[in-house]
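Undergrad: PDB, C-alpha atoms, saved as final12.pdb, coming up:
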```pdb
ATOM      1  CA  MET A  23     147.214  45.395 158.231
ATOM      2  CA  ASP A  24     144.768  44.548 155.485
ATOM      3  CA  VAL A  25     142.591  47.155 153.834
ATOM      4  CA  PHE A  26     139.370  46.224 155.578
ATOM      5  CA  GLU A  27     141.081  46.153 158.981
ATOM      6  CA  ALA A  28     142.516  49.612 158.352
ATOM      7  CA  ILE A  29     139.090  50.926 157.324
ATOM      8  CA  LYS A  30     137.581  49.524 160.506
ATOM      9  CA  ALA A  31     140.444  50.635 162.752
ATOM     10  CA  ARG A  32     140.605  54.232 161.499
ATOM     11  CA  ARG A  33     139.447  56.911 163.929
ATOM     12  CA  SER A  34     139.545  60.691 163.863
ATOM     13  CA  ILE A  35     142.232  61.464 166.432
ATOM     14  CA  ARG A  36     142.173  64.802 168.218
ATOM     15  CA  ARG A  37     144.844  64.145 170.855
ATOM     16  CA  TYR A  38     148.411  63.441 169.833
ATOM     17  CA  LYS A  39     151.524  62.637 171.844
ATOM     18  CA  LYS A  40     153.436  65.888 171.898
ATOM     19  CA  GLY A  41     156.991  65.688 170.650
ATOM     20  CA  ALA A  42     156.532  62.234 169.075
ATOM     21  CA  GLU A  43     158.261  61.975 165.733
ATOM     22  CA  ILE A  44     157.380  60.052 162.603
ATOM     23  CA  PRO A  45     160.424  58.382 161.046
ATOM     24  CA  GLU A  46     161.142  59.792 157.611
ATOM     25  CA  GLU A  47     160.708  56.334 156.094
ATOM     26  CA  HIS A  48     157.136  56.162 157.392
ATOM     27  CA  LEU A  49     156.291  59.679 156.350
ATOM     28  CA  ARG A  50     157.610  59.059 152.845
ATOM     29  CA  ARG A  51     155.423  55.994 152.577
ATOM     30  CA  ILE A  52     152.355  57.951 153.693
ATOM     31  CA  LEU A  53     153.093  60.666 151.129
ATOM     32  CA  GLU A  54     153.736  58.060 148.445
ATOM     33  CA  ALA A  55     150.264  56.647 149.139
ATOM     34  CA  ALA A  56     148.890  60.070 148.191
ATOM     35  CA  ARG A  57     151.080  60.358 145.117
ATOM     36  CA  LEU A  58     149.750  57.052 143.757
ATOM     37  CA  ALA A  59     146.080  58.010 144.095
ATOM     38  CA  PRO A  60     143.861  57.932 141.023
ATOM     39  CA  SER A  61     142.488  61.154 139.558
ATOM     40  CA  ALA A  62     140.218  62.085 136.672
ATOM     41  CA  GLY A  63     142.199  61.697 133.456
ATOM     42  CA  ASN A  64     145.265  61.063 135.666
ATOM     43  CA  ARG A  65     145.663  64.846 135.913
ATOM     44  CA  GLN A  66     146.737  64.801 139.583
ATOM     45  CA  PRO A  67     145.398  68.304 140.330
ATOM     46  CA  TRP A  68     147.049  68.448 143.737
ATOM     47  CA  LYS A  69     149.896  69.856 145.790
ATOM     48  CA  PHE A  70     150.710  69.174 149.425
ATOM     49  CA  VAL A  71     152.515  71.246 152.009
ATOM     50  CA  VAL A  72     154.060  68.979 154.643
ATOM     51  CA  VAL A  73     154.385  71.004 157.832
ATOM     52  CA  ARG A  74     156.897  69.841 160.443
ATOM     53  CA  ASP A  75     158.128  73.157 161.843
ATOM     54  CA  PRO A  76     156.537  73.686 165.294
ATOM     55  CA  GLU A  77     155.928  77.391 164.835
ATOM     56  CA  VAL A  78     154.336  76.899 161.414
ATOM     57  CA  LYS A  79     152.167  74.121 162.870
ATOM     58  CA  ARG A  80     151.063  76.484 165.658
ATOM     59  CA  ARG A  81     150.102  79.222 163.217
ATOM     60  CA  LEU A  82     148.366  76.697 161.000
ATOM     61  CA  ALA A  83     146.336  75.378 163.951
ATOM     62  CA  GLU A  84     145.245  78.956 164.673
ATOM     63  CA  ALA A  85     144.170  79.341 161.041
ATOM     64  CA  CYS A  86     142.141  76.146 161.465
ATOM     65  CA  ARG A  87     139.708  77.990 163.708
ATOM     66  CA  GLY A  88     141.976  77.621 166.713
ATOM     67  CA  GLN A  89     141.881  73.811 166.831
ATOM     68  CA  MET A  90     145.194  73.786 168.647
ATOM     69  CA  PHE A  91     145.419  69.985 168.962
ATOM     70  CA  ILE A  92     146.518  70.083 165.331
ATOM     71  CA  ALA A  93     149.836  71.579 166.409
ATOM     72  CA  ASP A  94     150.530  68.548 168.640
ATOM     73  CA  ALA A  95     150.606  66.175 165.680
ATOM     74  CA  SER A  96     154.059  65.232 164.397
ATOM     75  CA  VAL A  97     153.217  66.452 160.905
ATOM     76  CA  VAL A  98     150.350  68.345 159.315
ATOM     77  CA  VAL A  99     149.787  67.853 155.592
ATOM     78  CA  VAL A 100     147.796  70.579 153.861
ATOM     79  CA  ALA A 101     146.207  69.427 150.600
ATOM     80  CA  LEU A 102     145.647  71.899 147.761
ATOM     81  CA  GLY A 103     143.602  71.607 144.593
ATOM     82  CA  ASP A 104     144.580  73.261 141.328
ATOM     83  CA  PRO A 105     141.598  74.434 139.233
ATOM     84  CA  SER A 106     143.934  75.165 136.306
ATOM     85  CA  VAL A 107     144.786  71.471 136.045
ATOM     86  CA  SER A 108     141.387  69.770 136.334
ATOM     87  CA  ARG A 109     137.770  70.544 136.985
ATOM     88  CA  TRP A 110     137.987  67.777 139.617
ATOM     89  CA  TYR A 111     140.323  69.928 141.726
ATOM     90  CA  LEU A 112     137.964  69.839 144.721
ATOM     91  CA  GLN A 113     137.268  66.114 144.595
ATOM     92  CA  ASP A 114     140.449  64.373 143.464
ATOM     93  CA  PRO A 115     142.620  65.565 146.366
ATOM     94  CA  MET A 116     140.098  63.885 148.689
ATOM     95  CA  ILE A 117     141.144  60.508 147.271
ATOM     96  CA  ALA A 118     144.816  61.250 147.826
ATOM     97  CA  VAL A 119     144.193  62.400 151.396
ATOM     98  CA  GLU A 120     142.226  59.262 152.275
ATOM     99  CA  HIS A 121     145.123  57.192 150.926
ATOM    100  CA  MET A 122     147.316  58.980 153.478
ATOM    101  CA  VAL A 123     144.744  58.375 156.203
ATOM    102  CA  LEU A 124     144.622  54.621 155.556
ATOM    103  CA  GLU A 125     148.377  54.249 155.141
ATOM    104  CA  ALA A 126     148.955  56.200 158.367
ATOM    105  CA  THR A 127     146.450  53.907 160.095
ATOM    106  CA  GLU A 128     148.333  50.878 158.826
ATOM    107  CA  LEU A 129     151.579  52.259 160.260
ATOM    108  CA  GLY A 130     149.956  52.934 163.640
ATOM    109  CA  TYR A 131     149.460  56.681 163.392
ATOM    110  CA  GLY A 132     146.351  58.742 163.953
ATOM    111  CA  THR A 133     144.925  61.372 161.640
ATOM    112  CA  CYS A 134     141.963  63.721 161.503
ATOM    113  CA  TRP A 135     140.398  65.326 158.445
ATOM    114  CA  ILE A 136     140.276  69.072 159.118
ATOM    115  CA  GLY A 137     137.779  70.915 156.956
ATOM    116  CA  ALA A 138     137.155  73.897 159.229
ATOM    117  CA  PHE A 139     139.685  76.637 158.495
ATOM    118  CA  ASP A 140     140.015  80.221 157.377
ATOM    119  CA  GLU A 141     141.290  79.679 153.856
ATOM    120  CA  ASP A 142     142.952  83.083 153.526
ATOM    121  CA  ALA A 143     144.688  82.606 156.859
ATOM    122  CA  VAL A 144     145.983  79.154 155.855
ATOM    123  CA  LYS A 145     147.226  80.585 152.580
ATOM    124  CA  GLY A 146     148.990  83.351 154.456
ATOM    125  CA  VAL A 147     150.731  80.981 156.853
ATOM    126  CA  LEU A 148     151.955  78.674 154.074
ATOM    127  CA  ASP A 149     152.546  81.188 151.230
ATOM    128  CA  ILE A 150     150.015  79.423 149.037
ATOM    129  CA  PRO A 151     149.367  81.038 145.628
ATOM    130  CA  ALA A 152     145.983  82.683 145.152
ATOM    131  CA  GLY A 153     144.997  80.344 142.311
ATOM    132  CA  LEU A 154     145.067  77.219 144.455
ATOM    133  CA  LYS A 155     142.259  75.976 146.665
ATOM    134  CA  VAL A 156     142.881  74.717 150.189
ATOM    135  CA  ILE A 157     141.088  71.372 150.443
ATOM    136  CA  CYS A 158     141.882  70.243 153.970
ATOM    137  CA  ALA A 159     144.553  69.851 156.612
ATOM    138  CA  LEU A 160     145.554  66.424 157.857
ATOM    139  CA  PRO A 161     147.420  66.134 161.161
ATOM    140  CA  ILE A 162     149.358  62.871 161.436
ATOM    141  CA  GLY A 163     150.813  61.744 164.732
ATOM    142  CA  VAL A 164     150.953  59.237 167.535
ATOM    143  CA  PRO A 165     147.468  58.927 169.062
ATOM    144  CA  ASP A 166     147.035  59.893 172.704
ATOM    145  CA  GLU A 167     143.426  58.730 172.837
ATOM    146  CA  SER A 168     141.426  55.688 171.719
ATOM    147  CA  PRO A 169     137.989  56.976 170.783
ATOM    148  CA  PRO A 170     135.225  54.428 170.135
ATOM    149  CA  ALA A 171     133.826  54.008 166.636
ATOM    150  CA  ARG A 172     131.251  56.651 165.779
ATOM    151  CA  SER A 173     127.811  55.633 164.635
ATOM    152  CA  ARG A 174     127.030  55.067 160.990
ATOM    153  CA  LYS A 175     123.749  55.207 159.134
ATOM    154  CA  PRO A 176     122.296  51.706 158.779
ATOM    155  CA  PHE A 177     122.952  49.800 155.581
ATOM    156  CA  ASP A 178     119.342  50.014 154.354
ATOM    157  CA  GLU A 179     119.361  53.780 154.667
ATOM    158  CA  ILE A 180     122.186  54.358 152.219
ATOM    159  CA  PHE A 181     122.214  51.473 149.714
ATOM    160  CA  TYR A 182     119.562  50.755 147.100
ATOM    161  CA  LEU A 183     119.363  48.021 144.482
ATOM    162  CA  ASP A 184     119.094  48.908 140.770
ATOM    163  CA  LYS A 185     116.922  51.995 141.316
ATOM    164  CA  TYR A 186     116.906  54.744 143.904
ATOM    165  CA  GLY A 187     114.560  53.856 146.752
ATOM    166  CA  ASN A 188     114.519  50.137 145.912
ATOM    167  CA  LYS A 189     115.405  48.145 149.030
ATOM    168  CA  TYR A 190     118.721  46.271 148.930
ATOM    169  CA  PRO A 191     117.823  42.665 149.755
TER     170      PRO A 191
ATOM    171  CA  MET B  13     146.621  42.494 151.164
ATOM    172  CA  ASP B  14     148.032  45.367 153.166
ATOM    173  CA  VAL B  15     146.992  48.953 152.515
ATOM    174  CA  PHE B  16     150.141  50.006 150.728
ATOM    175  CA  GLU B  17     150.069  46.927 148.486
ATOM    176  CA  ALA B  18     146.451  47.661 147.560
ATOM    177  CA  ILE B  19     147.318  51.278 146.758
ATOM    178  CA  LYS B  20     150.165  50.128 144.518
ATOM    179  CA  ALA B  21     148.179  47.316 142.902
ATOM    180  CA  ARG B  22     145.078  49.378 142.075
ATOM    181  CA  ARG B  23     144.488  50.105 138.394
ATOM    182  CA  SER B  24     141.621  51.650 136.481
ATOM    183  CA  ILE B  25     140.089  48.641 134.738
ATOM    184  CA  ARG B  26     138.149  49.194 131.530
ATOM    185  CA  ARG B  27     137.704  45.549 130.478
ATOM    186  CA  TYR B  28     135.741  43.146 132.640
ATOM    187  CA  LYS B  29     134.969  39.448 132.283
ATOM    188  CA  LYS B  30     131.390  39.381 131.057
ATOM    189  CA  GLY B  31     129.016  37.341 133.133
ATOM    190  CA  ALA B  32     131.418  37.031 136.089
ATOM    191  CA  GLU B  33     129.629  37.395 139.405
ATOM    192  CA  ILE B  34     130.729  38.898 142.691
ATOM    193  CA  PRO B  35     129.663  36.754 145.641
ATOM    194  CA  GLU B  36     127.231  38.611 147.872
ATOM    195  CA  GLU B  37     129.647  38.292 150.802
ATOM    196  CA  HIS B  38     132.334  40.161 148.862
ATOM    197  CA  LEU B  39     129.963  42.819 147.631
ATOM    198  CA  ARG B  40     128.655  43.421 151.138
ATOM    199  CA  ARG B  41     132.202  43.884 152.369
ATOM    200  CA  ILE B  42     132.949  46.385 149.611
ATOM    201  CA  LEU B  43     129.797  48.341 150.443
ATOM    202  CA  GLU B  44     130.586  48.173 154.154
ATOM    203  CA  ALA B  45     133.957  49.772 153.388
ATOM    204  CA  ALA B  46     132.025  52.733 151.980
ATOM    205  CA  ARG B  47     129.622  52.863 154.898
ATOM    206  CA  LEU B  48     132.519  53.158 157.373
ATOM    207  CA  ALA B  49     134.161  56.085 155.592
ATOM    208  CA  PRO B  50     134.763  59.302 157.517
ATOM    209  CA  SER B  51     132.827  62.451 156.644
ATOM    210  CA  ALA B  52     132.761  66.037 157.855
ATOM    211  CA  GLY B  53     130.946  66.091 161.187
ATOM    212  CA  ASN B  54     130.120  62.407 160.560
ATOM    213  CA  ARG B  55     127.146  63.583 158.498
ATOM    214  CA  GLN B  56     127.528  60.838 155.849
ATOM    215  CA  PRO B  57     125.965  62.919 153.040
ATOM    216  CA  TRP B  58     125.769  59.972 150.669
ATOM    217  CA  LYS B  59     123.530  57.393 149.051
ATOM    218  CA  PHE B  60     124.522  54.587 146.689
ATOM    219  CA  VAL B  61     122.581  52.772 144.015
ATOM    220  CA  VAL B  62     124.022  49.298 143.503
ATOM    221  CA  VAL B  63     123.198  48.244 139.961
ATOM    222  CA  ARG B  64     123.213  44.523 139.142
ATOM    223  CA  ASP B  65     120.389  44.274 136.613
ATOM    224  CA  PRO B  66     121.919  43.852 133.121
ATOM    225  CA  GLU B  67     119.431  46.120 131.364
ATOM    226  CA  VAL B  68     119.838  48.887 133.954
ATOM    227  CA  LYS B  69     123.622  48.535 133.651
ATOM    228  CA  ARG B  70     123.345  48.899 129.897
ATOM    229  CA  ARG B  71     121.232  52.046 130.127
ATOM    230  CA  LEU B  72     123.567  53.421 132.777
ATOM    231  CA  ALA B  73     126.599  52.814 130.541
ATOM    232  CA  GLU B  74     124.831  54.736 127.778
ATOM    233  CA  ALA B  75     124.214  57.609 130.218
ATOM    234  CA  CYS B  76     127.951  57.556 131.000
ATOM    235  CA  ARG B  77     128.694  58.939 127.569
ATOM    236  CA  GLY B  78     128.392  55.528 125.959
ATOM    237  CA  GLN B  79     131.290  53.938 127.836
ATOM    238  CA  MET B  80     129.760  50.524 127.278
ATOM    239  CA  PHE B  81     132.506  48.589 129.078
ATOM    240  CA  ILE B  82     130.774  49.725 132.260
ATOM    241  CA  ALA B  83     127.910  47.346 131.513
ATOM    242  CA  ASP B  84     130.327  44.373 131.484
ATOM    243  CA  ALA B  85     131.226  44.868 135.149
ATOM    244  CA  SER B  86     129.436  42.592 137.616
ATOM    245  CA  VAL B  87     128.106  45.570 139.554
ATOM    246  CA  VAL B  88     128.054  49.318 139.072
ATOM    247  CA  VAL B  89     127.744  51.483 142.168
ATOM    248  CA  VAL B  90     126.497  55.010 141.589
ATOM    249  CA  ALA B  91     127.432  57.407 144.391
ATOM    250  CA  LEU B  92     125.191  60.358 145.231
ATOM    251  CA  GLY B  93     125.804  63.415 147.384
ATOM    252  CA  ASP B  94     123.086  65.104 149.401
ATOM    253  CA  PRO B  95     123.483  68.900 149.665
ATOM    254  CA  SER B  96     120.716  69.030 152.286
ATOM    255  CA  VAL B  97     122.842  66.964 154.666
ATOM    256  CA  SER B  98     126.276  68.611 154.406
ATOM    257  CA  ARG B  99     128.117  71.272 152.495
ATOM    258  CA  TRP B 100     130.732  68.561 151.881
ATOM    259  CA  TYR B 101     128.289  66.635 149.697
ATOM    260  CA  LEU B 102     130.623  66.742 146.683
ATOM    261  CA  GLN B 103     133.764  65.762 148.544
ATOM    262  CA  ASP B 104     132.779  63.263 151.232
ATOM    263  CA  PRO B 105     131.350  60.644 148.858
ATOM    264  CA  MET B 106     134.783  60.571 147.192
ATOM    265  CA  ILE B 107     136.241  59.109 150.382
ATOM    266  CA  ALA B 108     133.574  56.425 150.543
ATOM    267  CA  VAL B 109     134.078  55.494 146.895
ATOM    268  CA  GLU B 110     137.841  55.151 147.307
ATOM    269  CA  HIS B 111     137.219  52.853 150.262
ATOM    270  CA  MET B 112     135.243  50.648 147.869
ATOM    271  CA  VAL B 113     138.025  50.859 145.294
ATOM    272  CA  LEU B 114     140.686  49.701 147.742
ATOM    273  CA  GLU B 115     138.526  46.997 149.300
ATOM    274  CA  ALA B 116     137.620  45.702 145.837
ATOM    275  CA  THR B 117     141.330  45.670 144.960
ATOM    276  CA  GLU B 118     142.048  43.670 148.088
ATOM    277  CA  LEU B 119     139.413  41.113 147.093
ATOM    278  CA  GLY B 120     140.844  40.803 143.574
ATOM    279  CA  TYR B 121     138.315  42.887 141.664
ATOM    280  CA  GLY B 122     138.880  45.763 139.297
ATOM    281  CA  THR B 123     137.185  49.161 139.378
ATOM    282  CA  CYS B 124     137.242  52.405 137.446
ATOM    283  CA  TRP B 125     136.194  55.838 138.646
ATOM    284  CA  ILE B 126     133.673  57.156 136.104
ATOM    285  CA  GLY B 127     133.275  60.917 136.206
ATOM    286  CA  ALA B 128     132.075  61.436 132.636
ATOM    287  CA  PHE B 129     128.296  61.111 132.464
ATOM    288  CA  ASP B 130     125.142  62.990 131.579
ATOM    289  CA  GLU B 131     123.791  63.675 135.044
ATOM    290  CA  ASP B 132     120.165  64.066 133.966
ATOM    291  CA  ALA B 133     120.354  60.821 132.011
ATOM    292  CA  VAL B 134     121.835  58.929 134.986
ATOM    293  CA  LYS B 135     119.108  60.342 137.208
ATOM    294  CA  GLY B 136     116.494  59.225 134.711
ATOM    295  CA  VAL B 137     117.830  55.682 134.507
ATOM    296  CA  LEU B 138     118.009  55.250 138.291
ATOM    297  CA  ASP B 139     115.010  57.374 139.427
ATOM    298  CA  ILE B 140     117.283  59.647 141.434
ATOM    299  CA  PRO B 141     115.559  62.591 143.150
ATOM    300  CA  ALA B 142     116.312  66.039 141.750
ATOM    301  CA  GLY B 143     117.870  67.268 145.003
ATOM    302  CA  LEU B 144     120.718  64.768 144.937
ATOM    303  CA  LYS B 145     123.974  65.166 143.044
ATOM    304  CA  VAL B 146     125.486  62.316 141.038
ATOM    305  CA  ILE B 147     129.129  62.087 142.103
ATOM    306  CA  CYS B 148     130.431  59.164 140.072
ATOM    307  CA  ALA B 149     129.778  55.653 138.877
ATOM    308  CA  LEU B 150     132.028  52.799 139.935
ATOM    309  CA  PRO B 151     132.001  49.572 137.933
ATOM    310  CA  ILE B 152     133.284  46.614 139.960
ATOM    311  CA  GLY B 153     134.114  43.335 138.294
ATOM    312  CA  VAL B 154     136.639  40.707 137.403
ATOM    313  CA  PRO B 155     139.440  42.334 135.377
ATOM    314  CA  ASP B 156     139.995  41.157 131.837
ATOM    315  CA  GLU B 157     143.119  43.251 131.342
ATOM    316  CA  SER B 158     146.300  44.041 133.304
ATOM    317  CA  PRO B 159     147.207  47.602 132.444
ATOM    318  CA  PRO B 160     150.616  48.895 133.543
ATOM    319  CA  ALA B 161     150.841  51.585 136.196
ATOM    320  CA  ARG B 162     150.244  55.058 134.802
ATOM    321  CA  SER B 163     152.800  57.782 135.326
ATOM    322  CA  ARG B 164     152.718  60.021 138.358
ATOM    323  CA  LYS B 165     154.135  63.487 138.882
ATOM    324  CA  PRO B 166     157.519  63.258 140.603
ATOM    325  CA  PHE B 167     157.643  63.642 144.364
ATOM    326  CA  ASP B 168     159.374  67.040 144.249
ATOM    327  CA  GLU B 169     156.666  68.465 142.035
ATOM    328  CA  ILE B 170     153.828  67.903 144.461
ATOM    329  CA  PHE B 171     155.272  67.968 148.000
ATOM    330  CA  TYR B 172     156.716  70.997 149.771
ATOM    331  CA  LEU B 173     158.148  71.362 153.264
ATOM    332  CA  ASP B 174     156.638  73.888 155.713
ATOM    333  CA  LYS B 175     155.856  76.516 153.050
ATOM    334  CA  TYR B 176     154.546  76.327 149.526
ATOM    335  CA  GLY B 177     157.433  76.166 147.053
ATOM    336  CA  ASN B 178     159.963  75.076 149.675
ATOM    337  CA  LYS B 179     161.736  71.939 148.461
ATOM    338  CA  TYR B 180     161.051  68.765 150.415
ATOM    339  CA  PRO B 181     164.498  67.453 151.378
TER     340      PRO B 181
END
```
The structure in this file should be written as structure tokens.

TA:
Amino acid sequence: MDVFEAIKARRSIRRYKKGAEIPEEHLRRILEAARLAPSAGNRQPWKFVVVRDPEVKRRLAEACRGQMFIADASVVVVALGDPSVSRWYLQDPMIAVEHMVLEATELGYGTCWIGAFDEDAVKGVLDIPAGLKVICALPIGVPDESPPARSRKPFDEIFYLDKYGNKYP
Amino acid sequence: MDVFEAIKARRSIRRYKKGAEIPEEHLRRILEAARLAPSAGNRQPWKFVVVRDPEVKRRLAEACRGQMFIADASVVVVALGDPSVSRWYLQDPMIAVEHMVLEATELGYGTCWIGAFDEDAVKGVLDIPAGLKVICALPIGVPDESPPARSRKPFDEIFYLDKYGNKYP
């Protein structure tokens, strides 16, 4: 699947086939996509906890404001930023996570960016050190829904030419 | 080019062929890749100034701490976050910019995330309203160098299984 196809095909998936597994080869490739992401000064200010254990997934879903569909995904990757490594610790992990999202899309899996969580609760479930920042959780699994594309702001509303406010022709 | 190939092929390009142009069709596709990016609650807290004018590019490069190679790129896209739209205004534009990076890679262009800039100076050059945050600049152009891949932290150093610190098998 080419890049543009993957970008168009990607959806936020909130229903996963329970019990479906992701072959290790696929999961490794998804994680490798994150590992290869660019970061400011190549500092890579990130860590990832890859959650496969059902009970840990359940507790993690509870910590994500009770969004229990998360626990149905085959894997949930929790991305962490390290402020001691880079001042881009909030932003750079976003790049790595979107690499996972697009690679998972290419391989036929669904994902959903999860930004609503109780950070202390997530840290408690996963034994995350106090100095790290929880950026997001990313369930990855076999989709059990096919949601339509969501609306986007029109082109003219977000792109300008040469100066802010100058209409893009 | 498939997603994983694009992720592996991507480099930060700091030398561009001067005077090379990006066909409008390609540029539109790169911008569309940004427009389709996911965002928290689909709020799309972003704006982009697409700079093609040579003199504006030059002044922008100066505002990016004098990294003048930026002005040699065919286009420089400046990404802005809007705090009035979403509390994810710093993070969500990162996703959209990486979509542009990967789509540009697919189409054969080079890019480079630029995070070092004088924000007030960039705002002055592009007439950006005070309430918006400059996230980054992204030169896009025809590469005039082929840098090798930069090193990445080893797999075991960034991925854990089920709990932080637990070795991924």

Undergrad: Check the smallest atom-to-atom distance from each of B:Gly136, B:Pro159, B:Pro166, B:Gly127 to A:Gly63 using all atoms listed in the file, then report the winner.

TA: B:Gly127

Undergrad: Once you add 5 Å to each side, what are the centre and edge lengths of the axis-aligned box holding all listed atoms of stretch 25-43 of chain B? One decimal in Å, as AutoDock Vina command-line options, if you can.

TA:
```
--center_x 133.7 --center_y 43.0 --center_z 141.4 --size_x 22.9 --size_y 22.4 --size_z 31.9
```

Undergrad: Could you pull out every residue with an atom within 9 Å of (125.0, 59.1, 134.2), file coordinates, counting all atoms listed in the file, and send them as a PyMOL selection string?

TA: chain B and resi 71-77+90+127-138+146+148-149

Undergrad: Take the residues from that selection and put them in a file with C-alpha atoms, as a PDB file, keeping the file's coordinate frame.

TA:
```
ATOM      1  CA  ARG B  71     121.232  52.046 130.127  1.00  0.00           C
ATOM      2  CA  LEU B  72     123.567  53.421 132.777  1.00  0.00           C
ATOM      3  CA  ALA B  73     126.599  52.814 130.541  1.00  0.00           C
ATOM      4  CA  GLU B  74     124.831  54.736 127.778  1.00  0.00           C
ATOM      5  CA  ALA B  75     124.214  57.609 130.218  1.00  0.00           C
ATOM      6  CA  CYS B  76     127.951  57.556 131.000  1.00  0.00           C
ATOM      7  CA  ARG B  77     128.694  58.939 127.569  1.00  0.00           C
ATOM      8  CA  VAL B  90     126.497  55.010 141.589  1.00  0.00           C
ATOM      9  CA  GLY B 127     133.275  60.917 136.206  1.00  0.00           C
ATOM     10  CA  ALA B 128     132.075  61.436 132.636  1.00  0.00           C
ATOM     11  CA  PHE B 129     128.296  61.111 132.464  1.00  0.00           C
ATOM     12  CA  ASP B 130     125.142  62.990 131.579  1.00  0.00           C
ATOM     13  CA  GLU B 131     123.791  63.675 135.044  1.00  0.00           C
ATOM     14  CA  ASP B 132     120.165  64.066 133.966  1.00  0.00           C
ATOM     15  CA  ALA B 133     120.354  60.821 132.011  1.00  0.00           C
ATOM     16  CA  VAL B 134     121.835  58.929 134.986  1.00  0.00           C
ATOM     17  CA  LYS B 135     119.108  60.342 137.208  1.00  0.00           C
ATOM     18  CA  GLY B 136     116.494  59.225 134.711  1.00  0.00           C
ATOM     19  CA  VAL B 137     117.830  55.682 134.507  1.00  0.00           C
ATOM     20  CA  LEU B 138     118.009  55.250 138.291  1.00  0.00           C
ATOM     21  CA  VAL B 146     125.486  62.316 141.038  1.00  0.00           C
ATOM     22  CA  CYS B 148     130.431  59.164 140.072  1.00  0.00           C
ATOM     23  CA  ALA B 149     129.778  55.653 138.877  1.00  0.00           C
TER      24      ALA B 149
END
```

Undergrad: If we count only C-alpha atoms, which residues of chain B reach to within 6 Å of chain A? Please list them as a ChimeraX atom specification.

TA: /B:13-15,59-63,103,107,138-140,170-176

Undergrad: Which is closer to B:Ala83 than all the others in B:Gly122, B:Gly31, B:Gly143, B:Pro181, using only C-alpha atoms?

TA: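 Selected residue with least distance to B:Ala83: B:Gly31.
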
Undergrad: Identify which of the residues B:Pro155, B:Glu37, B:Asp84, B:Lys145 lies closest to B:Arg99, counting all atoms listed in the file when measuring atom-to-atom distances.

TA: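 Ranked by minimum distance to B:Arg99, first place goes to B:Lys145.
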
Undergrad: State, in Å with one decimal place, the distance from atom CA of B:His38 to atom CA of B:Tyr101.

TA: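 Atom CA of B:Tyr101 lies at a distance of 26.8 Å from atom CA of B:His38.
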
Undergrad: What separation in Å, quoted to one decimal, exists between atom CA of A:Ser168 and atom CA of B:Val97?

TA: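 Value for the atom CA of A:Ser168-atom CA of B:Val97 distance: 27.6 Å.
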
Undergrad: Atom CA of B:Pro151 to atom CA of B:Lys29: how many Å, to one decimal?

TA: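 Taking atom CA of B:Pro151 as the start and atom CA of B:Lys29 as the end point, the length is 12.0 Å.
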